[in-house]
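Everything below concerns the one structure shown next.
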Amino acid sequence: MGFPLLSLIILTPAAGAAVLIFLRGDDAVRWTALGVTLVDLALTVVLLAGFDTATHEMQFTEARPWVPALGITYALGVDGISALFVFLTALLGSVSVLASWVAIDRRVKAFMISLLAMQALMLGVFSALDMFLFYVCWEAMLIPMYLIIGVWGGEGRVYAAFKFFLYTLAGSLLFLVGVIVLYFQGGETFDMLALMQQDLPFEVQSWLFFAFLVAFAVKVPMVPVHTWLPDAHVQAPTAGSIILAGVLLKMGAYGFLRFSLPMLPEATLYYSTLMLAISALAIVYGGFLALAQDDLKKLVAYSSISHMGFVTLGIFALNARGLEGSILQMFNHGITTGALFLFVGLIYERTHTRSIAEYGGLMKVAPVYTAFLALFTLSSMALPGTNAFVGELLVLSGAFGANLAFGAVAILGATLSAAYLLGMYRKVALGPIRVHAGPTPRDVNARELAAILPLAAFVLWVGLYPKPFLDIIDTSVTHLLVEVQSRGRSQ
Amino acid sequence: MDPVLSIRPLIAIAIAGLAALAILVLHKREKLRDLVSPVAALAMFVTVMSMAPTVLSGGTVELRLFEILPGVDFAFRADALGMVFATVSSLLWIMAAFYSIGYMRHLHEHAQTRFFACFATSLAAAVGGAFAANLFTLVIFYELLSLVTYPLVYHHEDEEAWKGSRKYLVYLMGASKSALLAALALTYQIAGSLDFLAGGLLSADDASAALLTVVYFCYLFGFAKAAVMPLHAWLPAAMVAPTPVSALLHAVAVVKMGVFCVLRVVFHVFGVGLVGELGLGIATAYLVSFTIVVASVYALTRDDLKARLAYSTVSQLSYIVLGAVLLSPIAITGGIIHIAAHAFSKITLFFCAGSIYCASGKRNISDMAGIGRRLPWTMGAFFVASLSMIGVPPTAGFVSKWYLAQGSVQAGEMAFLAVLLVSSVLNAAYFLPVSYVAFFGEAAAGEGSARVREIPLVTIPLVVTAILSVLMGIFPGYFLTLAEGVVR
C-alpha cells in the first residue's frame with residue numbers, strides 16, 4: 001500500500017471543515033474554504049496524473065480494518081469509472097465556494113462547513129470499495145445537503161428540503177435492505193470487489209435489482225421519482241444546485257455501474273430493455289417539461305432529467321460506446337449544468353428574478369456574461385465541438401446498437417433540448433433590453449470569471465479532444481462489459 | 001498518388017478566424033477594421049489556390065491533427081470536391097468584402113463590427129467544411145456556420161428580423177439535432193468510423209437496406225442548408241439579412257455548404273455504387289425535381305426581388321443535388337460545376353438587388369420600372385447573370401446545364417431532361433421581366449432621377465462577378481478538371 005492519496009483527498013475537506021469551526025470573520029472563512037477546495041482539487045489532479053489507463057484494476061487502493069467483527073473495512077480505490085468523478089467533485093467544490101462568495105451572506109461559516117463536509121462525503125462515495133463505507137457516506141450526505149437547501153434556500157426551502165429528504169431517504173431505505181441482503185447472500189462480506197465475483201441466483205438478483213433501482217432512480221432522478229428535483233433546485237442556493245446537479249445526480253448512475261451491473265449481471269441483462277424504456281421516457285418527458293418552463297432554474301433542472309436519461313440510456317445499452325458515452329456524459333453534465341446553475345445564480349444575484357419573460361437584451365449590458373452563457377447553452381444542447389456532443393454521439397450510437405426504437409425516441413429528446421435551450425437564450429440575451437426594474441446588471445467580475453473559465457475550458461477540451469478522458473474510462477468499461485456479458489449469460 | 005501533408009488547409013481556415021478576431025479588436029478604428037476583410041479574403045484565396053496544382057493533378061493535401069474518438073480524427077483534406085467549394089467561397093469573399101464595405105457604409109448600418117466579425121467567421125466555417133476529412137469535423141463547421149450567420153440574419157433587430165432569424169435557426173438546428181444527429185450516430189454505429197472514403201464508407205453488407213435508406217434520408221434532410229423541399233422555408237426567411245449576407249452566405253457559403261454535405265454523403269459516405277444499389281438515386285432525383293419546379297413557380301409569384309432570388313436559389317440548389325443523384329459521370333460533373341456557376345451568377349444577382357436598394361431604396365420589382373437607365377452597370381450585370389441562370393451560352397450556367405442535360409440522357413432518365421427544360425423556361429419567365437421592366441419600363445411620374453446613382457464600391461464587385469459568370473462559361477477548365485477528379 002503506497003501513499004494514501006485517496007484518504008488525503010477525502011480528509012482534506014473534512015479537516016478544512018474542522019478548521020473552519022475555529023475561525024472568525026466571514027472573509028477568513030471564505031478564503032480558507034477556497035484554499036481547502038483548491039488544495040483538494042490539486043490533489044485530484046495528482047491522482048489523475050498518476051492514474052494508469054492500461055488496467056481495469058482498482059488503483060490507489062487502501063484497506064484498513066474498521067469493524068473486523070462484521071468484516072467492515074475502510075477500503076478505498078478508484079478505477080476508470082470513478083476517477084473522473086473524484087476530480088469533478090473537487091472541481092465543482094471550488095466553483096461552489098466561489099459561487100457562494102457574496103450570495104451567502106448569513107451564517108457563512110456554517111454554510112462553508114456544510115459545503116466541505118458534503119465534499120468529503122461525496123468523495124467518499126466515489127472511492128469507497130467497502131459497501132458499508134459506501135452506505136455510510138451515501139446516507140450521511142443527506143444531512144449537509146438538507147441543511148444547504150433548508151437553511152440557505154429560497155422562500156419555499158423548508159418544503160423543498162423536506163421533500164428532497166423524504167424521497168432520498170425512501171430510496172436509501174431500500175438501498176439499506178439491498179445492502180443487508182447482499183451481505184448475507186454474498187458470503188457475509190462488505191467487500192465490493194468480492195461481491196462483484198458472486199454469482200447470485202437470478203431470483204435474488206431480481207429483487208436486489210429493483211431495490212437498488214428505486215434507490216438509484218431517485219438520485220438520478222428517473223421518471224416518475226423525479227419530482228423532488230425541480231423543487232430542490234429552485235429553492236437551493238446556487239452552490240447547492242451546482243453540487244446537486246453536478247455531483248449528486250451522478251451518484252445514482254454511479255450506483256448502477258458499481259452495484260447493479262457488476263453484482264447483478266443476470267438481472268441487468270434481463271431488465272435492460274425495461275431500463276432503456278424508462279430512460280427514453282425520461283429524456284422526452286424531461287425535455288417537454290423543460291420546454292414549458294419560464295423559471296430559468298426549473299428549465300435547467302428539467303433539462304437535467306432529460307440529460308440524465310441519456311446517461312442511463314447509455315448504461316443499459318450495455319455496449320462499449322453506450323457505457324463510455326454515458327460516463328463521459330456524466331462528467332460533461334457536471335461541467336455544463338454546474339455552469340448553467342452558476343449562471344442562473346449570477347443573474348439572480350443581480351436582478352432578483354429568474355423569470356425568462358422578464359429578461360431581454362442582456363447581451364447589450366453584459367456581453368461577457370452572455371458570451372459564456374452562449375457557450376454553456378450550446379454545450380447543453382450538445383452542439384458539435386462541445387463536450388456534450390461527443391458524449392451524446394457515443395450514447396446514441398450505443399443506444400442504436402442496442403435498440404433502434406429507443407434510440408429514435410432519444411433523438412426526439414435531443415431535438416427538444418435545442419428548442420428549449422435556444423429559445424431560452426434568445427429570450428434572455430437577445431432582443432431589446434428588458435431588464436427587471438432595478439439597477440442595470442453589471443457584467444461578470446474577476447472572481448466570477450475564475451469560476452467560469454475552468455468550466456469553459458473543459459467544454460471545449462472534451463468537445464475537441466476527448467481522448468484523454470476516454471482513455472481513463474475505456475479499460476474499466478471494457479472489463480465491466482466482459483464481466484456482465486459473460487457472467488450474466490453463463491447461468 | 002500519396003497525399004501531400006501540409007498545414008495549408010488549416011491556415012486557410014485560420015486566416016478567416018484571425019480576421020474575425022482582428023475585426024473585434026479594431027472595433028473602434030473603423031477604417032482599419034474595414035481593411036481586414038479584403039486583406040484576409042485575398043490571403044485566404046491565395047492559400048486555397050496554392051493547393052490547386054496538387055488537387056488538379058489528382059492529389060490531395062491532408063492534415064491530421066489528433067484523434068477525437070476511435071475511428072474519428074480531427075482532420076482536414078483538400079480534395080477535388082472540397083476545392084470546388086473552397087475556391088468559390090474564398091474567391092467570392094474578396095468581391096463580397098469590398099461590396100459589404102460599400103453597402104454598410106452607404107446605408108450607415110449599425111453594429112458593423114459584429115457584422116464583419118460574423119461574416120469572416122462564416123467564411124472560416126465554410127472553408128473548414130470544404131476541407132473537413134470526415135463527418136465529425138464537417139459537422140463542427142456546419143453547425144458553426146449556422147450559429148455565426150444567425151446574428152447576421154437578425155442584424156436589423158426589428159420585428160421582421162427576429163421572426164426571420166427565428167425561423168432560420170429553428171429549421172437549421174431542428175433538422176441537424178434530429179435527422180442529422182440520428183444519421184451520424186447510426187453511421188458511427190454501423191461503420192465504426194465517420195471518415196470520407198473514395199467509393200463510400202458504408203457498404204450493403206453493413207446493415208439492412210431499410211436501415212441504410214433511413215440513414216440516407218436522415219442525411220438528405222438533416223443537412224437542411226441544401227434547402228430541399230419541404231425544408232426550404234428558412235432560406236426566404238433569411239432574406240431579412242443585409243444584402244451582402246444574402247449574396248455571399250445565402251447564395252454561396254451557407255447553401256453550398258448544404259449541397260456540399262449532401263454530395264459528400266452521396267460520394268464518400270454511401271458511395272455512388274451503394275446509392276444506386278439501394279435505388280435511392282432516382283428517388284432523390286424525383287424529390288429534388290419537385291423542388292426545382294415548385295420553387296421556380298414560387299419565384300414567379302414573388303414581387304420582392306430578394307424573395308424571388310431566394311426561391312430561385314432553392315430551385316438551383318436542387319440542380320446540384322439532381323446532378324449528383326443521377327449517378328452518371330456526366331451528370332455528376334454537371335452538378336459539381338453548377339456549384340461554381342450558380343455561385344458566380346447568383347451572387348451577382350444579389351449584389352444587384354443590394355445596389356438597387358442602396359441607390360433607390362427599392363425592393364419590389366414592380367417599382368423598378370426604368371431603373372436600368374439610371375443604374376446601367378447594375379442592370380447590365382443583372383441581365384448577364386440572368387442569362388447564366390437561364391443557361392444561355394456562353395455563360396457559366398450554360399456549361400452546367402449542358403452537362404446536366406447530357407448526364408440525364410447518359411443515365412437514361414429522360415424525365416429529368418424534361419424537368420431541366422421546364423425549369424429553364426420558368427427561369428426565363430421570372431428573370432427576364434426584371435431586366436425588361438428595368439430597361440424599357442416607364443418610370444412612374446414624379447420620380448426625381450437626380451439622387452439615384454450607382455455607388456462605385458458596390459457596383460465594381462458586381463461587374464466583376466458578372467464577368468466571372470461569363471468567363472467561367474468560356475473557360476470552364478478549372479472546375480471541369482476538379483469535377484472530373486471527383487468522378488474519378
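Here, A, B, ... name the chains of the C-alpha cells in the order displayed, residue numbers run from 1 inside each chain, and ligands are numbered from 1 in the same displayed order.
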Next item on the list: Compute the set of chain B residues within 7 Å of chain A, using only C-alpha atoms, and express it as a ChimeraX atom specification.
Entry: /B:67-69,139-140,143,157,174,177-178,182,185-186,188-189
Note to self: Need the shell around Leu5 in chain A: protein/DNA/RNA residues with any atom at most 8 Å away, counting only C-alpha atoms. Skip same-chain ones fewer than 4 positions apart. Format as number ranges by chain?
What the structure shows: A: 9, 43, 47, 60
Next item on the list: Can you pull out every residue within 9 Å of range 122-130 of chain A, counting only C-alpha atoms, but drop anything in the same chain fewer than 3 positions away, and send it as a ChimeraX atom specification?
Entry: /A:6-7,9-10,61,63,72-79,82-83,85-87,89-90,117-119,133-138,141,189-193,247-248,251,254
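Here the strand (DSSP E or B) residues in range 35-201 of chain B, by DSSP on the backbone, are Val61, Glu62, Leu63, Arg64, Leu65, Phe66, Glu67, Ile68, Leu69, Val72, Asp73, Phe74, Ala75, Phe76, Arg77, Ala78, Ala132, Asn134 and Asp195 of chain B.
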Next item on the list: Counting only C-alpha atoms, figure out which residue out of A:Leu48, A:Ala161, A:Ala110, A:Val368 gets nearest to Trp228 in chain A.
Entry: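 Among the listed residues, the smallest separation from Trp228 in chain A belongs to A:Ala161.
Proximity of A:Ala267, A:Ala217, A:Leu174, A:Met222 to Pro201 in chain A, computed with only C-alpha atoms, is greatest for A:Ala267.
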Checklist line | Backbone-only DSSP, alpha helix (DSSP H) members of range 308-430 of chain A, as number ranges by chain | finding: A: 308-317, 320-351, 362-365, 367-380, 387-402, 404-429
Next item on the list: Please identify all polymer residues within 10 Å of range 369-375 of chain A, counting only C-alpha atoms, omitting same-chain residues fewer than 2 positions from it, and present them as JSON, numbers by chain.
Entry: {"A": [336, 339, 340, 342, 343, 344, 346, 347, 361, 362, 363, 364, 365, 366, 367, 377, 378, 379, 380, 383, 386, 421, 422, 425, 426, 428, 429, 430, 442, 443, 444, 445, 448, 449, 452, 453, 456, 459, 460]}
Margin query: Quick one: residues within 9 Å of Leu468 in chain B, only C-alpha atoms, excluding same-chain residues fewer than 6 positions away - as an MDAnalysis selection string?
Written below: chainID B and resid 344:345 396
Next item on the list: Can you pull out every residue within 9 Å of range 25-42 of chain B, counting only C-alpha atoms, but drop anything in the same chain fewer than 3 positions away, and send it as a ChimeraX atom specification?
Entry: /B:15-16,18-22,45-47,90-98,101,112-114,116-117,119-120,123
Margin query: I need the residue nearest Thr312 in chain A from this list: A:Trp31, A:Phe256, A:Phe341, A:Phe288. Use only C-alpha atoms for the distance.
Written below: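 Checking each candidate against Thr312 in chain A, we get A:Phe256 as the closest.
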Next item on the list: Using only C-alpha atoms, pick whichever of A:Leu195, A:Ile148, A:Val95, A:Leu8 has the shortest atom-to-atom distance to Ser260 in chain A.
Entry: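 Nearest to Ser260 in chain A: A:Leu195.
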Checklist line | Which residue of B:Leu65, B:Ala226, B:Cys352, B:Val422 approaches Trp377 in chain B most closely, using only C-alpha atoms | finding: B:Cys352
Notebook entry, point to check: CA of Ile190 in chain B to CA of His56 in chain A: how many Å, to one decimal?
Noted result: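 Those two atoms sit 27.3 Å apart.
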Next item on the list: Mind giving me the straight-line distance from CA of Ile356 in chain A to CA of Asp294 in chain A in Å, one decimal?
Entry: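 CA of Asp294 in chain A lies at a distance of 5.3 Å from CA of Ile356 in chain A.
Here CA of Gly354 in chain B and CA of Val48 in chain B stand 28.1 Å from one another.
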